[in-house]
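Source file: structure-v4.csv; contents: CSV, C-alpha atoms.
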chain,number,residue,atom,x,y,z
A,1,MET,CA,-43.5,223.2,205.2
A,2,LYS,CA,-45.6,220.8,207.3
A,3,LYS,CA,-47.4,219.7,204.1
A,4,ILE,CA,-44.1,218.9,202.4
A,5,VAL,CA,-43.0,216.8,205.5
A,6,VAL,CA,-46.2,214.9,205.5
A,7,ILE,CA,-46.0,214.2,201.8
A,8,VAL,CA,-42.4,213.0,202.1
A,9,LEU,CA,-43.4,210.7,205.0
A,10,LEU,CA,-46.3,209.3,203.0
A,11,ILE,CA,-44.0,208.6,200.0
A,12,LEU,CA,-41.4,206.8,202.2
A,13,SER,CA,-44.1,204.9,204.0
A,14,VAL,CA,-45.7,203.7,200.7
A,15,LYS,CA,-42.3,202.8,199.3
A,16,GLY,CA,-41.2,200.9,202.4
A,17,ASN,CA,-44.5,199.1,202.5
A,18,SER,CA,-44.2,198.0,198.9
A,19,GLN,CA,-40.7,196.8,199.4
A,20,PHE,CA,-41.8,194.8,202.5
A,21,LYS,CA,-44.6,193.2,200.5
A,22,LYS,CA,-42.2,192.5,197.7
A,23,SER,CA,-39.6,190.9,199.9
A,24,MET,CA,-41.9,189.0,202.2
A,25,PHE,CA,-45.4,188.2,200.8
A,26,ALA,CA,-45.1,188.7,197.0
A,27,LYS,CA,-45.5,185.8,194.6
A,28,ASP,CA,-41.9,186.1,193.6
A,29,PRO,CA,-40.2,187.7,196.6
A,30,ILE,CA,-36.6,188.7,196.9
A,31,ILE,CA,-35.1,185.8,198.9
A,32,ASN,CA,-33.5,187.2,202.0
A,33,LEU,CA,-30.6,185.5,203.9
A,34,GLU,CA,-30.6,182.6,201.5
A,35,ASN,CA,-27.6,180.9,203.0
A,36,PHE,CA,-28.4,181.5,206.6
A,37,GLN,CA,-30.0,178.1,207.1
A,38,LYS,CA,-26.8,176.4,205.9
A,39,SER,CA,-25.1,177.5,209.1
A,40,ARG,CA,-24.5,174.6,211.5
A,41,VAL,CA,-24.7,176.8,214.6
A,42,TYR,CA,-26.2,180.3,215.1
A,43,PHE,CA,-27.3,182.5,218.0
A,44,GLY,CA,-30.0,185.0,218.9
A,45,TYR,CA,-31.9,186.6,221.7
A,46,TYR,CA,-35.5,187.0,222.7
A,47,LEU,CA,-37.9,189.3,224.5
A,48,GLY,CA,-41.4,188.4,225.5
A,49,PHE,CA,-44.3,188.1,227.9
A,50,ASN,CA,-45.6,185.3,230.1
A,51,SER,CA,-48.7,184.4,232.0
A,52,PHE,CA,-48.0,181.8,234.8
A,53,ASP,CA,-50.8,179.8,236.5
A,54,PHE,CA,-50.9,176.9,239.0
A,55,LYS,CA,-52.5,173.5,238.4
A,56,ILE,CA,-53.7,172.4,241.9
A,57,ASP,CA,-54.7,168.8,242.8
A,58,TYR,CA,-56.6,168.4,246.1
A,59,ARG,CA,-56.6,165.6,248.7
A,60,THR,CA,-60.3,165.9,249.5
A,61,VAL,CA,-63.2,167.5,247.7
A,62,ALA,CA,-63.2,171.2,248.6
A,63,PRO,CA,-63.8,174.6,247.0
A,64,ASP,CA,-61.0,175.5,244.6
A,65,ILE,CA,-58.2,177.9,245.5
A,66,LEU,CA,-58.5,180.7,243.0
A,67,VAL,CA,-55.3,181.8,241.2
A,68,THR,CA,-55.1,185.4,240.1
A,69,LYS,CA,-52.6,185.8,237.2
A,70,THR,CA,-50.7,188.8,235.9
A,71,THR,CA,-48.5,189.3,232.9
A,72,GLY,CA,-44.8,189.0,233.4
A,73,PHE,CA,-41.9,189.4,231.0
A,74,ASN,CA,-39.0,187.2,229.6
A,75,VAL,CA,-35.6,187.9,228.3
A,76,GLY,CA,-33.0,185.4,227.1
A,77,ILE,CA,-30.6,184.1,224.5
A,78,VAL,CA,-30.8,181.3,221.9
A,79,ALA,CA,-28.3,178.8,220.8
A,80,ASP,CA,-29.4,176.8,217.7
A,81,LEU,CA,-27.7,173.6,216.4
A,82,LYS,CA,-28.8,172.3,213.0
A,83,LEU,CA,-29.2,168.5,213.2
A,84,GLN,CA,-30.6,168.1,209.7
A,85,GLU,CA,-32.4,170.3,207.2
A,86,TYR,CA,-35.7,170.4,209.0
A,87,ILE,CA,-34.7,169.6,212.7
A,88,ASN,CA,-32.8,171.9,215.0
A,89,LEU,CA,-31.8,171.5,218.6
A,90,ARG,CA,-32.3,174.7,220.6
A,91,PHE,CA,-31.1,175.9,224.0
A,92,GLU,CA,-33.0,179.0,225.2
A,93,PRO,CA,-31.9,180.0,228.7
A,94,GLY,CA,-33.7,183.1,230.0
A,95,LEU,CA,-34.8,185.2,233.0
A,96,TYR,CA,-38.6,185.2,233.7
A,97,TYR,CA,-40.5,187.4,236.1
A,98,SER,CA,-44.1,186.6,237.1
A,99,LYS,CA,-46.6,187.1,239.9
A,100,ARG,CA,-49.6,185.0,241.0
A,101,ASN,CA,-52.0,185.4,243.9
A,102,LEU,CA,-53.6,182.4,245.7
A,103,ASN,CA,-57.0,183.2,247.0
A,104,TYR,CA,-58.2,180.8,249.7
A,105,PRO,CA,-61.9,180.2,250.5
A,106,ASP,CA,-63.2,181.0,254.0
A,107,SER,CA,-64.1,177.3,254.4
A,108,TYR,CA,-60.4,176.4,254.6
A,109,PHE,CA,-60.1,178.1,258.0
A,110,GLU,CA,-61.6,177.1,261.3
A,111,GLU,CA,-62.1,180.7,262.3
A,112,THR,CA,-63.0,183.7,260.2
A,113,PRO,CA,-59.8,184.6,258.3
A,114,THR,CA,-58.4,188.0,258.0
A,115,PRO,CA,-57.9,189.4,254.5
A,116,SER,CA,-54.1,188.8,254.8
A,117,ASP,CA,-54.7,185.1,255.7
A,118,LYS,CA,-56.9,184.5,252.6
A,119,ILE,CA,-54.3,185.7,250.1
A,120,ARG,CA,-50.8,184.5,249.4
A,121,GLU,CA,-48.7,186.5,246.9
A,122,VAL,CA,-46.3,184.3,244.9
A,123,ASN,CA,-43.7,186.5,243.3
A,124,SER,CA,-41.4,184.4,241.1
A,125,THR,CA,-38.1,185.1,239.5
A,126,TYR,CA,-37.1,182.2,237.3
A,127,ILE,CA,-34.0,181.2,235.5
A,128,HIS,CA,-35.4,179.0,232.8
A,129,PHE,CA,-33.4,176.3,231.0
A,130,PRO,CA,-35.3,174.8,228.0
A,131,LEU,CA,-33.9,172.2,225.6
A,132,LEU,CA,-36.1,172.0,222.6
A,133,LEU,CA,-36.4,170.4,219.2
A,134,LYS,CA,-37.5,172.7,216.4
A,135,PHE,CA,-39.3,171.0,213.5
A,136,SER,CA,-39.4,173.4,210.5
A,137,SER,CA,-41.5,173.2,207.4
A,138,MET,CA,-40.1,173.9,203.9
A,139,ARG,CA,-39.3,177.5,203.4
A,140,THR,CA,-41.8,179.4,201.2
A,141,GLY,CA,-40.2,182.6,200.1
A,142,ASN,CA,-39.2,184.4,203.3
A,143,ILE,CA,-41.6,182.5,205.6
A,144,ARG,CA,-41.0,179.3,207.4
A,145,PRO,CA,-43.4,178.0,210.1
A,146,TYR,CA,-42.2,175.6,212.8
A,147,LEU,CA,-43.2,173.5,215.8
A,148,LEU,CA,-41.3,173.3,219.1
A,149,GLY,CA,-41.2,170.7,221.8
A,150,GLY,CA,-39.0,169.6,224.6
A,151,VAL,CA,-38.2,169.6,228.3
A,152,SER,CA,-37.0,172.3,230.7
A,153,THR,CA,-35.8,172.8,234.2
A,154,THR,CA,-36.4,176.0,236.2
A,155,LEU,CA,-34.6,177.6,239.1
A,156,ASN,CA,-36.9,179.8,241.2
A,157,LEU,CA,-34.8,182.5,242.9
A,158,SER,CA,-37.8,183.6,244.9
A,159,SER,CA,-38.9,180.2,246.2
A,160,ASN,CA,-38.3,180.8,249.9
A,161,SER,CA,-37.3,177.1,250.1
A,162,LYS,CA,-34.6,177.7,252.8
A,163,SER,CA,-36.9,179.8,255.0
A,164,LYS,CA,-37.8,178.3,258.4
A,165,ASP,CA,-41.0,180.4,258.5
A,166,ASP,CA,-44.1,179.1,256.7
A,167,ASN,CA,-47.6,180.4,256.0
A,168,ALA,CA,-48.3,180.8,259.6
A,169,GLU,CA,-45.7,183.6,259.5
A,170,GLN,CA,-47.0,184.9,256.1
A,171,ARG,CA,-44.3,183.0,254.2
A,172,PHE,CA,-45.3,180.9,251.1
A,173,ARG,CA,-42.6,178.4,250.2
A,174,ALA,CA,-41.9,176.4,247.0
A,175,LYS,CA,-39.1,174.2,245.8
A,176,SER,CA,-36.1,175.8,244.1
A,177,TRP,CA,-36.0,173.5,241.1
A,178,THR,CA,-38.8,172.2,239.0
A,179,THR,CA,-39.1,170.2,235.7
A,180,ASN,CA,-41.5,170.8,232.8
A,181,TYR,CA,-42.4,169.9,229.3
A,182,GLU,CA,-43.0,172.4,226.6
A,183,LEU,CA,-45.0,172.6,223.3
A,184,GLY,CA,-45.4,175.4,220.9
A,185,PHE,CA,-45.3,176.8,217.4
A,186,GLY,CA,-43.9,179.9,215.6
A,187,ILE,CA,-42.9,181.3,212.3
A,188,ASP,CA,-39.5,182.5,210.9
A,189,LEU,CA,-39.8,185.7,208.9
A,190,PHE,CA,-36.6,186.4,206.9
A,191,SER,CA,-35.9,190.1,206.5
A,192,GLU,CA,-32.9,191.6,204.6
A,193,TYR,CA,-30.7,191.7,207.7
A,194,PHE,CA,-32.1,189.4,210.3
A,195,ILE,CA,-34.7,186.7,211.1
A,196,PHE,CA,-37.7,187.8,213.2
A,197,SER,CA,-39.3,184.8,214.9
A,198,PRO,CA,-42.5,185.3,217.0
A,199,SER,CA,-43.7,182.1,218.8
A,200,ILE,CA,-46.2,181.0,221.4
A,201,ARG,CA,-45.5,178.1,223.8
A,202,GLY,CA,-47.1,176.3,226.7
A,203,VAL,CA,-45.1,175.2,229.7
A,204,PHE,CA,-46.4,172.4,231.9
A,205,GLY,CA,-44.9,171.5,235.2
A,206,ILE,CA,-44.2,167.8,235.9
A,207,SER,CA,-43.1,167.9,239.5
A,208,ASP,CA,-44.9,169.1,242.6
A,209,GLU,CA,-43.2,172.3,243.8
A,210,LEU,CA,-45.1,173.0,247.0
A,211,ILE,CA,-43.2,172.9,250.4
A,212,ARG,CA,-45.8,172.0,253.1
A,213,ASP,CA,-46.2,173.9,256.3
A,214,LYS,CA,-45.0,172.4,259.6
A,215,ASP,CA,-48.7,171.9,260.6
A,216,PRO,CA,-50.1,169.0,258.6
A,217,ASN,CA,-53.5,170.5,258.9
A,218,SER,CA,-52.4,173.9,257.7
A,219,PRO,CA,-55.3,175.7,255.8
A,220,TRP,CA,-52.8,176.9,253.2
A,221,THR,CA,-51.1,173.5,252.3
A,222,GLY,CA,-52.9,170.8,254.2
A,223,ASN,CA,-55.4,170.0,251.4
A,224,ILE,CA,-53.1,170.3,248.5
A,225,GLU,CA,-52.0,167.1,246.9
A,226,SER,CA,-49.8,168.8,244.3
A,227,LEU,CA,-49.1,172.2,243.0
A,228,LYS,CA,-47.5,172.6,239.5
A,229,SER,CA,-46.8,175.6,237.5
A,230,ARG,CA,-48.0,176.1,234.0
A,231,ALA,CA,-47.6,179.0,231.7
A,232,ILE,CA,-48.1,180.6,228.3
A,233,LEU,CA,-45.0,182.2,226.8
A,234,ILE,CA,-45.0,184.7,223.9
A,235,ASN,CA,-41.5,185.3,222.7
A,236,PHE,CA,-40.1,187.6,219.9
A,237,THR,CA,-36.8,186.1,218.8
A,238,PHE,CA,-34.1,187.8,216.7
A,239,HIS,CA,-31.3,186.0,214.9
How would this structure read if it were set down as structure tokens?
Amino acid sequence: MKKIVVIVLLILSVKGNSQFKKSMFAKDPIINLENFQKSRVYFGYYLGFNSFDFKIDYRTVAPDILVTKTTGFNVGIVADLKLQEYINLRFEPGLYYSKRNLNYPDSYFEETPTPSDKIREVNSTYIHFPLLLKFSSMRTGNIRPYLLGGVSTTLNLSSNSKSKDDNAEQRFRAKSWTTNYELGFGIDLFSEYFIFSPSIRGVFGISDELIRDKDPNSPWTGNIESLKSRAILINFTFH
């Protein structure tokens, strides 16, 4: 019985794989969703991963503050407006979770710091609002690469911007709203029932998002000229 099940699964796997190759990568593939691109407006959703970092500029020459990154995740929706055959305007609001640790050198402190003084955890929950232009190439069978670029604004729900406490009370503060520009690329893969669109994108903060401590000589913020987020996003979009 087990042998029969294995043989059936192998046959189905080979058959499914050959159909996939025929529909996607063959020389003369079956064209899927041929009229989809004629739609003026269409929608979708995405799931993905992110890796957020900080770009830090300093007021004086000093050892760098080390940023420890972790992998977060993204979820959101897509609204796509066709401007012309190869250019689309996309709005991709989403919810992003990320975490970074700022590791301060001992030289930033007048006295020997405790381990809790040297590290600041920056947990961020972002509502991200990107407005992007999508520049697509000609479709080849069921494959269509594209480039993305645009601007975005981000609301940080975990910014602590309204807190009266600062780093002296273990409270790292950042501005609620920031602006960014974004660049990336991806590929549309047309299956029989939907479009699968993996993409990778860089997000680069434009505005300084740090809220300084009350003490102008604070070891945590005193030597920072600007602190801007940057990130790599990997999204898997379905239309």
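When only C-alpha atoms are used to compute distances to His128 in chain A, the closest of the residues A:Leu33, A:Leu66, A:Val151, A:Ile143 turns out to be A:Val151.
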| Which residue of A:Ala168, A:Phe36, A:Leu132, A:Leu157 approaches Tyr193 in chain A most closely, using all atoms listed in the file |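 Comparing A:Ala168, A:Phe36, A:Leu132, A:Leu157 against Tyr193 in chain A, the winner is A:Phe36.
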Env of Phe43 in chain A: 8 Å cut, atoms = all atoms listed in the file, seq-sep filter 5 positions within chain, self excluded. Answer as a PDB file with C-alpha atoms, in the coordinates of the input.
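What follows is the written file part20.pdb:
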ATOM      1  CA  ILE A  77     -30.600 184.100 224.500  1.00  0.00           C
ATOM      2  CA  VAL A  78     -30.800 181.300 221.900  1.00  0.00           C
ATOM      3  CA  ALA A  79     -28.300 178.800 220.800  1.00  0.00           C
ATOM      4  CA  ASP A  80     -29.400 176.800 217.700  1.00  0.00           C
ATOM      5  CA  HIS A 239     -31.300 186.000 214.900  1.00  0.00           C
TER       6      HIS A 239
END
| task | Could you give me, as an NGL selection string, the residues within 9 Å of Arg100 in chain A, counting all atoms listed in the file and dropping anything in the same chain fewer than 5 positions from it? | result | :A and (52-54 or 67-70 or 120-124)
| said: What's around Ser159 in chain A at 12 Å? Count only C-alpha atoms, leave out sequence neighbours fewer than 6 positions away in its own chain, and write the answer as a list in words. | reply: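 Listed by chain and then number, they are Glu121, Val122, Asn123, Ser124, Thr125, Tyr126, Ile127, Asp166, Arg171, Phe172, Arg173, Ala174, Lys175, Ser176, Trp177, Thr178, Glu209, Leu210 and Ile211 of chain A.
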| When distances are computed from only C-alpha atoms, which of A:Arg201, A:Lys228, A:Arg212, A:Arg139 shows the smallest separation from Asn32 in chain A? |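 Of A:Arg201, A:Lys228, A:Arg212, A:Arg139, the one nearest Asn32 in chain A is A:Arg139, counting only C-alpha atoms.
The set of protein, DNA and RNA residues with any counted atom at most 9 Å from (-39.4, 181.3, 216.3) (all atoms listed in the file) reads A:Lys134, A:Pro145, A:Tyr146, A:Leu147, A:Leu148, A:Phe185, A:Gly186, A:Ile187, A:Asp188, A:Leu189, A:Ile195, A:Phe196, A:Ser197, A:Pro198, A:Ser199, A:Ile200, A:Asn235, A:Phe236, A:Thr237, A:Phe238.
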